[in-house]
Structures are given as structure tokens and as C-alpha cells.
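To start, the structure itself, in C-alpha cells.
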Amino acid sequence: MPLRDIQESVQQIASAVASVLRVEVEIADSQFLRIAGTGKNEAGVLRTMAGEDHIYRESLLAGHPVVIMHPGQDERCRPCMHYGNCTETGEICCPIQLDNENIGVIGLLAFDEEQRERLFADVDAILTYLQKMAELIAIKLKEHYLYVEQLHTVEKLRVVMDEMDKAMFLVDQDNRIIQANQRARQYLQLDHDDSQMAGWIDAIRDADAAQSAPKQVVLSIGQEEKTFLFAIKPILLAGTVKEWVITLDDVQEVVQIARQVSGYSEPDAFRMIGGNSPAIVQAKEVARRVAASDSTVLLQGESGTGKELFAKAIHQASPRRDEPFLSINCAAIPEHLMESELFGYEEGSFTGARKGGKPGLFEVAGKGTLFLDEIGDMPMHLQSKLLRVLQEKELYRIGGNGKPIRLAARIIAATHLDLQERVDAGLFRLDLYYRLHVIPIHLPSLRERREDILPLANDILLAHANRVGKKLHGFSQETQNVLFHHDWRGNVRELENVIEYAVNMEANAWVQPSSLPIRTGMLRESSSHSHKESQGSFDWQKQGLTLKELERAAIDTAMQQIRDRNGRKEEAAALLGISRATLFRKLREYGLT
């Protein structure tokens, strides 16, 4: 640890000591290079002390102070080149130590009788003072190296940040960007203009409070609106937030990379919607056909049937796939906030309005898709405003009297309610109903597509078992019967919850009924209800199908399902609730493979 690195500070200490004690001071490093000096020694700073370093060498090697009352005559001075002809009248020196290592020597020198008298008036006090100065020099050197290490760490972090594919920046308590990597400077054009900085941070904080992961935000950069995925994390010190780290990913870049990795230029947006029953296949086919158009879609189905999943698939299959997909639940947001969320507001339009105003979701969605979930719960006065937006294709922010904002987004609405009944009850506008009911798509409940229950259950089981690290082979025959006959009033969402519970509870290789979070009494009730419902809603004779034709169709469907996922015939037997031998006999009987 060379003292030369803090030569300026060492010289200042030497000068301060000399002015206090009124003697001369000399400080050398472990190589006996003079680092600091006062009086005549100042001219020799940063020069070697060869031939004059004997006493310093003794102090350094022994690790203790040395006091020379008569320089030039003391036997310890004999090896010195000035022995017998020394200009000094007295000398006291002591080593400078850092972390048990001798890193230098500090010496006090007298060159006349007056200085000698001051130097030896109280040797013990002088030695104590000298040792304190040696400790001060050591502390200064340690502080210097801690500072250098900090600079090194900061530089390493800067290099790491600049090499990241994500935009990353640090924000202080006043919403100022205090550090940003190259990608952030590029995305936000910080080298050209940072006047929008406060607005960006406010938009990110608002989106963080309103959304669940993955979170996205639309930022106005220059004259362009850009959509980013983002994350914001606090930096805590002693439990107090000091700064925030924000990362951004350009949505369009993420989509392009995903397509390159997958190898598909146009991946099937509906592949995540499980099921091969006629009812769900028909719903997916209608959704595929209308995805490319701009027509308003109304998704109707019970809770848990996957309405938002369908809306996202339609968006991904459309030419708008690279634009934002925004969602709002009309039943979850308080009525007094709904209008400002949808339409936005101008500055000063109401008490608490944010400076500069705020764009609404119609505006933020840009040329993307806006999904209005649970539209049947929208308040009547907002239904009127929504109707005007759909008719005129333009809107105004709250408090806005200037130029209207053009609606460029596609609207997809969804509800679990019967809108016609709401209209008849005076709770929903008839004209809005017809505006939304352009392309209605019915999403079937699990009760309407029971043949999908077991395939969906097996897919969900595999996903959750892999996540928790369990090896589960499937469902026992009794469990399959339970799952197949249950009512599933919560549809796929309920099915997912039930199976996730079972995966956590099951200790065997095959999931047993006892691991399902469904009461036995409820099962009997729902099973009976399902049987009656099945009898009342599906008349085999009216469908023109015999029992054998129904059996053949069920076997054919099960075989198709296992072929789609490269499964085995044993899995088809399990799905059908029959033995492997019975399945093979039936396949031969019906000429199926």
C-alpha cells in the first residue's frame, strides 16, 4: 500500500505537525522514498533517502519508535553517511502501520538547540502525539483505498449496466434519473431531451400501482408513443427507501425476439386455449376468423371460461399484435374512477388532478386493443359516453374542450351476464348492446364440454407437478370419475385451483379423490345435478345418434387428443374410464386406430 498514492495529504499532515511542534517533519514510505518533508527536507520530497535511512530502517523493521538524542554520535548512527558530521540535533521517529503491516516512517527532526529543547521537553507526550499522527496517515491511506475500491465497483456496475439488454436507470426521491445505462439513454433519448422525465416516472408509478405482473406502460418519447414492459424495485438503506431501480423492455423488440427464437413468423395465438371439444373448437374458429378485422367482439361466458385469454389471443392473431393490449375490469374499479381511467383528464379538471393531465386507456391503447371485461357492470352514464366513442370513433378527456382524440384501438368486450336480460331490466342500453354485439362469441362452460375436462386436468396436473418437483403419473380411475361428473361452476379457473391443491396434497403416484378440495356431499350433489342436467339438455334421439355412435365418437375424440400430444393409448383408456384391453377391443370393433 504505497503512501505515494496520498502524497498530497501526507504533505499537508507533515506541514500541520511542523507548525504545531515547531520542529521539522519527514515522512518516508516502506521503500524509504521521502513522501513529505518540511524545512530543508522539503526539497528532497519524492527522492530516495539512500545513505540517510538507517534510523528509519531500524524503526520500520523493529516496528517501534526510535529516539536519537545525539545524532552523529549515537552508535546506532554509525552506518549513516553523515555519522560524525550530522546537522541534526535530535530525532524521534516511529513506524506507520496499517493492518499490521509497516507502510512507512514519520520522523521529527531538530536542527538547532531551540528545536532540540522542544523535541525532548516531554518525550513521552511527543511519542504519543507522533503515534497518533502515524495512525492518522494510515487512516487516510485506508480511506483512499476504500474510495478507489468504490470507484472500481461503480465502474464495474456501469460496465455491467451498459452491457445489459434491458434499459436500466436509477431514480431518486425527487423523481430524477441519477444514473442510466446506454440502452436507457437510447430508449428515452436522454442525451437529447430529458424534459419529459417527471412524466415518465409518474406514468411508471401509476402503472405499477394499477397492474399485476407482467406490467407495461406507454411513454411519450419525442413525438412517438412507445410501449414498454417494466419493473421497479426500491433500494433500501436501514429500512428506508433511498432510490428506485427501473428496468424497461421495448415490447416490439421482445415480440420480435420471441418470434425469432420460436422459429415461427406467425405462431398460433390460440394454442394456449386448451380443449378439442366441438364447442371450444367452434369458439376458437370464430375468434380466428374475426381476428384480422377491426369489428367489435363481444365474448360471453361464465366466470372462469377464459374470456381474457380469448381476447389476448384475438389481439395476438391480429395485425395489431405489435401494439399495446390493455385490459380494464369494469366491475373492479370504483365508479368515480372509471371515467378518468377510460377517458383520461386535463390538468385542473378536478381537485387532485395530476399536473399535465393524464391520458385514458382509450388513448393509451393507441392502435392496439382495449379489452373491456365485465362490460355488463358498467354504470349507465358511462354507457352513454362509451356509445358515443364507438359511434363517432373519437373522445375527449375529462375537462377537455379542445381537439378531440381519435379512437384508433379495437374494442373487445366481455361479460358473464346475459346482456339481453340487462337491457330488459333497464340496466343496459339497447343501442350500446347492438354496438357491442357485432361479433358475439359464446365461450362454453366445462359442463358444455365435459370431454375436455380430463385432458385439461392432465395438462394442468403436469404443469403444476413440474413446478413443485413432484412425479405424478395421473389421476386414479375414481378421481377421473369425480372430475368428470363435477359441475365446475368456476369452470377452468376452478379446475386449475382444485388440481393445484391436489398436487400439493397428494403423496402417491396417482392422484386420489381424498386429495381433491371438494366435499364428498358436494360431489354427490353436483354429480346428480350433472346427470339430470345432461338428461334435460341432451336428447340422444333428437340428435339422431345411437348409443354406439356416441361411444364411437367418444373413443375417436380421446384418441385424437392423445395423438395431438404424442400420448399413449393407455392414456386414452384412462380418459374414457375403461381398461386398456377394452379400449383395444373397441378400436377393432369400430375400425379406429
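The chains in the C-alpha cells are called A, B, ... from first to last as shown; in each chain the residues are counted from 1, and the ligands are counted from 1 in the order shown.
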Counting only C-alpha atoms, what is within 8 Å of Leu170 of chain A, bar same-chain residues fewer than 2 positions away, as JSON, numbers by chain? {"A": [168, 172, 177, 178, 179, 180, 243, 244, 245, 246]}
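Residues in contact with Val10 of chain A at up to 8 Å, not including ones fewer than 5 positions away on its chain and judged by only C-alpha atoms, are Leu3, Ile27, Ile35, Ala36 and Ile137 of chain A.
For segment 381-448 of chain A, the set of residues given helix (DSSP H, G or I) by DSSP on the backbone reads His381, Leu382, Gln383, Ser384, Lys385, Leu386, Leu387, Arg388, Val389, Leu390, Gln391, Glu392, Leu419, Gln420, Glu421, Arg422, Val423, Asp424, Leu430, Asp431, Leu432, Tyr433, Tyr434, Arg435, Leu436, Leu446, Arg447 and Glu448 of chain A.
The shell of residues at most 9 Å from Glu323 of chain A, with only C-alpha atoms counted and near chain neighbours (fewer than 6 positions) removed, consists of Lys226, Thr227, Val251, Gln252, His315, Ala365, Gly366, Lys367, Gly368 and Thr369 of chain A.
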Fewer than 2 positions away in the same chain doesn't count, so skip those; otherwise give me all residues within 12 Å of Tyr590 of chain A, counting only C-alpha atoms, as a JSON list (two decimals) with all heavy atoms, in the first residue's frame.
[["chain", "number", "residue", "atom", "x", "y", "z"],
["A", 548, "LYS", "N", -74.22, -46.51, -29.68],
["A", 548, "LYS", "CA", -72.96, -46.97, -30.26],
["A", 548, "LYS", "C", -72.26, -45.83, -31.00],
["A", 548, "LYS", "O", -71.03, -45.71, -30.98],
["A", 548, "LYS", "CB", -73.20, -48.16, -31.21],
["A", 548, "LYS", "CG", -73.38, -49.48, -30.49],
["A", 548, "LYS", "CD", -73.26, -50.64, -31.45],
["A", 548, "LYS", "CE", -73.22, -51.96, -30.70],
["A", 548, "LYS", "NZ", -71.97, -52.09, -29.91],
["A", 549, "GLU", "N", -73.06, -44.99, -31.66],
["A", 549, "GLU", "CA", -72.45, -43.85, -32.37],
["A", 549, "GLU", "C", -71.81, -42.87, -31.37],
["A", 549, "GLU", "O", -70.74, -42.31, -31.61],
["A", 549, "GLU", "CB", -73.50, -43.13, -33.21],
["A", 549, "GLU", "CG", -73.89, -43.93, -34.45],
["A", 549, "GLU", "CD", -75.08, -43.31, -35.17],
["A", 549, "GLU", "OE1", -75.93, -42.67, -34.49],
["A", 549, "GLU", "OE2", -75.15, -43.44, -36.39],
["A", 550, "LEU", "N", -72.49, -42.69, -30.23],
["A", 550, "LEU", "CA", -71.91, -41.82, -29.19],
["A", 550, "LEU", "C", -70.63, -42.43, -28.63],
["A", 550, "LEU", "O", -69.64, -41.72, -28.39],
["A", 550, "LEU", "CB", -72.93, -41.63, -28.05],
["A", 550, "LEU", "CG", -74.09, -40.68, -28.34],
["A", 550, "LEU", "CD1", -75.13, -40.78, -27.24],
["A", 550, "LEU", "CD2", -73.57, -39.24, -28.45],
["A", 551, "GLU", "N", -70.63, -43.75, -28.43],
["A", 551, "GLU", "CA", -69.44, -44.42, -27.90],
["A", 551, "GLU", "C", -68.29, -44.30, -28.89],
["A", 551, "GLU", "O", -67.15, -44.01, -28.51],
["A", 551, "GLU", "CB", -69.75, -45.90, -27.63],
["A", 551, "GLU", "CG", -68.59, -46.65, -27.00],
["A", 551, "GLU", "CD", -68.95, -48.10, -26.70],
["A", 551, "GLU", "OE1", -69.25, -48.84, -27.68],
["A", 551, "GLU", "OE2", -68.90, -48.48, -25.52],
["A", 552, "ARG", "N", -68.59, -44.52, -30.17],
["A", 552, "ARG", "CA", -67.53, -44.41, -31.20],
["A", 552, "ARG", "C", -66.96, -42.99, -31.23],
["A", 552, "ARG", "O", -65.75, -42.79, -31.32],
["A", 552, "ARG", "CB", -68.10, -44.77, -32.56],
["A", 552, "ARG", "CG", -67.04, -44.82, -33.66],
["A", 552, "ARG", "CD", -67.69, -45.04, -35.03],
["A", 552, "ARG", "NE", -66.68, -45.31, -36.03],
["A", 552, "ARG", "CZ", -65.91, -44.39, -36.62],
["A", 552, "ARG", "NH1", -66.06, -43.12, -36.26],
["A", 552, "ARG", "NH2", -65.01, -44.74, -37.53],
["A", 553, "ALA", "N", -67.85, -41.97, -31.12],
["A", 553, "ALA", "CA", -67.39, -40.57, -31.16],
["A", 553, "ALA", "C", -66.51, -40.25, -29.96],
["A", 553, "ALA", "O", -65.49, -39.56, -30.08],
["A", 553, "ALA", "CB", -68.59, -39.63, -31.19],
["A", 554, "ALA", "N", -66.89, -40.79, -28.77],
["A", 554, "ALA", "CA", -66.10, -40.53, -27.58],
["A", 554, "ALA", "C", -64.71, -41.15, -27.70],
["A", 554, "ALA", "O", -63.69, -40.52, -27.34],
["A", 554, "ALA", "CB", -66.81, -41.07, -26.35],
["A", 555, "ILE", "N", -64.64, -42.39, -28.22],
["A", 555, "ILE", "CA", -63.35, -43.07, -28.37],
["A", 555, "ILE", "C", -62.50, -42.34, -29.41],
["A", 555, "ILE", "O", -61.30, -42.12, -29.23],
["A", 555, "ILE", "CB", -63.55, -44.54, -28.76],
["A", 555, "ILE", "CG1", -64.23, -45.30, -27.60],
["A", 555, "ILE", "CG2", -62.22, -45.20, -29.14],
["A", 555, "ILE", "CD1", -64.63, -46.72, -27.95],
["A", 556, "ASP", "N", -63.12, -41.93, -30.52],
["A", 556, "ASP", "CA", -62.40, -41.22, -31.56],
["A", 556, "ASP", "C", -61.83, -39.89, -31.03],
["A", 556, "ASP", "O", -60.68, -39.52, -31.31],
["A", 556, "ASP", "CB", -63.33, -40.95, -32.73],
["A", 556, "ASP", "CG", -62.58, -40.43, -33.95],
["A", 556, "ASP", "OD1", -61.39, -40.76, -34.12],
["A", 556, "ASP", "OD2", -63.16, -39.65, -34.74],
["A", 583, "LEU", "N", -60.35, -50.89, -24.46],
["A", 583, "LEU", "CA", -60.10, -49.89, -25.50],
["A", 583, "LEU", "C", -59.65, -50.54, -26.80],
["A", 583, "LEU", "O", -60.17, -50.21, -27.89],
["A", 583, "LEU", "CB", -59.03, -48.90, -25.02],
["A", 583, "LEU", "CG", -58.56, -47.88, -26.07],
["A", 583, "LEU", "CD1", -59.71, -46.98, -26.48],
["A", 583, "LEU", "CD2", -57.40, -47.06, -25.55],
["A", 584, "PHE", "N", -58.71, -51.49, -26.71],
["A", 584, "PHE", "CA", -58.21, -52.14, -27.93],
["A", 584, "PHE", "C", -59.35, -52.91, -28.63],
["A", 584, "PHE", "O", -59.43, -52.93, -29.86],
["A", 584, "PHE", "CB", -57.04, -53.08, -27.59],
["A", 584, "PHE", "CG", -55.73, -52.37, -27.50],
["A", 584, "PHE", "CD1", -55.40, -51.64, -26.37],
["A", 584, "PHE", "CD2", -54.82, -52.40, -28.54],
["A", 584, "PHE", "CE1", -54.19, -50.97, -26.27],
["A", 584, "PHE", "CE2", -53.61, -51.73, -28.45],
["A", 584, "PHE", "CZ", -53.28, -51.00, -27.32],
["A", 585, "ARG", "N", -60.21, -53.53, -27.83],
["A", 585, "ARG", "CA", -61.34, -54.27, -28.43],
["A", 585, "ARG", "C", -62.28, -53.31, -29.14],
["A", 585, "ARG", "O", -62.75, -53.58, -30.25],
["A", 585, "ARG", "CB", -62.06, -55.05, -27.34],
["A", 585, "ARG", "CG", -63.27, -55.84, -27.83],
["A", 585, "ARG", "CD", -63.78, -56.78, -26.75],
["A", 585, "ARG", "NE", -64.07, -56.09, -25.50],
["A", 585, "ARG", "CZ", -65.19, -55.40, -25.28],
["A", 585, "ARG", "NH1", -66.13, -55.31, -26.22],
["A", 585, "ARG", "NH2", -65.39, -54.81, -24.11],
["A", 586, "LYS", "N", -62.55, -52.16, -28.52],
["A", 586, "LYS", "CA", -63.45, -51.18, -29.12],
["A", 586, "LYS", "C", -62.84, -50.56, -30.38],
["A", 586, "LYS", "O", -63.55, -50.25, -31.34],
["A", 586, "LYS", "CB", -63.77, -50.07, -28.10],
["A", 586, "LYS", "CG", -64.60, -50.54, -26.91],
["A", 586, "LYS", "CD", -66.02, -50.89, -27.33],
["A", 586, "LYS", "CE", -66.86, -51.28, -26.12],
["A", 586, "LYS", "NZ", -68.26, -51.65, -26.53],
["A", 587, "LEU", "N", -61.52, -50.34, -30.35],
["A", 587, "LEU", "CA", -60.86, -49.79, -31.54],
["A", 587, "LEU", "C", -61.03, -50.72, -32.74],
["A", 587, "LEU", "O", -61.29, -50.27, -33.86],
["A", 587, "LEU", "CB", -59.38, -49.54, -31.25],
["A", 587, "LEU", "CG", -59.03, -48.39, -30.29],
["A", 587, "LEU", "CD1", -57.53, -48.38, -29.99],
["A", 587, "LEU", "CD2", -59.46, -47.06, -30.90],
["A", 588, "ARG", "N", -60.85, -52.04, -32.47],
["A", 588, "ARG", "CA", -61.03, -53.01, -33.56],
["A", 588, "ARG", "C", -62.49, -53.04, -34.00],
["A", 588, "ARG", "O", -62.78, -53.12, -35.20],
["A", 588, "ARG", "CB", -60.57, -54.40, -33.09],
["A", 588, "ARG", "CG", -59.06, -54.54, -32.92],
["A", 588, "ARG", "CD", -58.67, -56.01, -32.77],
["A", 588, "ARG", "NE", -59.28, -56.61, -31.60],
["A", 588, "ARG", "CZ", -58.72, -56.58, -30.39],
["A", 588, "ARG", "NH1", -57.54, -56.00, -30.21],
["A", 588, "ARG", "NH2", -59.32, -57.16, -29.37],
["A", 592, "LEU", "N", -61.12, -48.08, -35.64],
["A", 592, "LEU", "CA", -60.36, -46.88, -35.31],
["A", 592, "LEU", "C", -58.91, -47.25, -35.01],
["A", 592, "LEU", "O", -58.61, -48.39, -34.69],
["A", 592, "LEU", "CB", -60.97, -46.16, -34.10],
["A", 592, "LEU", "CG", -62.41, -45.68, -34.26],
["A", 592, "LEU", "CD1", -62.94, -45.18, -32.93],
["A", 592, "LEU", "CD2", -62.50, -44.60, -35.33],
["A", 593, "THR", "N", -58.03, -46.26, -35.13],
["A", 593, "THR", "CA", -56.61, -46.50, -34.82],
["A", 593, "THR", "C", -56.11, -45.46, -33.86],
["A", 593, "THR", "O", -56.70, -44.41, -33.70],
["A", 593, "THR", "CB", -55.77, -46.43, -36.11],
["A", 593, "THR", "OG1", -55.95, -45.14, -36.72],
["A", 593, "THR", "CG2", -56.15, -47.53, -37.08]]
Return as a list in words the full set of residues in segment 332-511 of chain A whose backbone-based DSSP assignment is strand (DSSP E). Gly344, Tyr345, Lys358, Pro359, Thr369, Leu370, Phe371, Leu372, Asp373, Glu394, Leu395, Ile405, Arg406, Arg410, Ile411, Ile412, Ala413, Ala414, Thr415, Ile439, Pro440, Ile441, His442, Gly474, Phe475, Trp510 and Val511 of chain A
Got time to write the residues from that selection, C-alpha atoms, as an mmCIF file, in the first residue's frame?
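Output file again24.cif follows:
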data_model
loop_
_atom_site.group_PDB
_atom_site.id
_atom_site.type_symbol
_atom_site.label_atom_id
_atom_site.label_comp_id
_atom_site.auth_asym_id
_atom_site.auth_seq_id
_atom_site.Cartn_x
_atom_site.Cartn_y
_atom_site.Cartn_z
ATOM 1 C CA GLY A 344 -58.272 10.468 -19.018
ATOM 2 C CA TYR A 345 -58.397 14.082 -17.851
ATOM 3 C CA LYS A 358 -53.396 12.024 -17.746
ATOM 4 C CA PRO A 359 -54.302 10.011 -20.858
ATOM 5 C CA THR A 369 -56.594 -3.479 -28.405
ATOM 6 C CA LEU A 370 -58.641 -2.380 -25.387
ATOM 7 C CA PHE A 371 -60.363 -5.205 -23.519
ATOM 8 C CA LEU A 372 -63.418 -4.106 -21.503
ATOM 9 C CA ASP A 373 -64.047 -7.005 -19.143
ATOM 10 C CA GLU A 394 -63.380 9.937 -31.060
ATOM 11 C CA LEU A 395 -63.384 11.109 -27.455
ATOM 12 C CA ILE A 405 -58.788 12.457 -29.625
ATOM 13 C CA ARG A 406 -59.232 9.920 -32.385
ATOM 14 C CA ARG A 410 -60.027 -2.073 -31.358
ATOM 15 C CA ILE A 411 -62.601 -2.802 -28.668
ATOM 16 C CA ILE A 412 -63.181 -6.304 -27.306
ATOM 17 C CA ALA A 413 -65.813 -6.545 -24.587
ATOM 18 C CA ALA A 414 -66.721 -9.449 -22.304
ATOM 19 C CA THR A 415 -69.374 -10.314 -19.754
ATOM 20 C CA ILE A 439 -69.457 -10.367 -33.398
ATOM 21 C CA PRO A 440 -70.675 -12.334 -30.368
ATOM 22 C CA ILE A 441 -68.635 -15.375 -29.356
ATOM 23 C CA HIS A 442 -70.031 -17.803 -26.807
ATOM 24 C CA GLY A 474 -52.002 -39.026 -13.388
ATOM 25 C CA PHE A 475 -55.418 -39.467 -11.781
ATOM 26 C CA TRP A 510 -51.698 -41.289 -8.757
ATOM 27 C CA VAL A 511 -53.963 -38.504 -7.508
#
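Atom CA of Ile273 of chain A is found 15.8 Å from atom CA of Arg289 of chain A.
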Would you please work out which residue, of A:Gly90, A:Gly63, A:Gly51, A:Gly104, is nearest to Arg118 of chain A when using only C-alpha atoms? A:Gly90
Using only C-alpha atoms for the distances, tell me which of A:Leu108, A:Ala573, A:Ile96, A:Leu298 is nearest to His416 of chain A. A:Leu298
Which residues are near Val23 of chain A? Cut-off 7 Å, only C-alpha atoms, ignore same chain within fewer than 2 positions. Put them as an MDAnalysis selection string. chainID A and resid 18 21 25 108:110 115
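You can rank A:Leu190, A:Ala463, A:Ile375, A:Val503 by their closest distance to Arg429 of chain A using only C-alpha atoms, and at the top of that list sits A:Ile375.
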Distance in Å - atom CA of Lys393 of chain A versus atom CA of Val297 of chain A: 15.8 Å
Could you please determine the separation between atom CA of Glu88 of chain A and atom CA of Lys132 of chain A in Å, to one decimal place? 23.7 Å
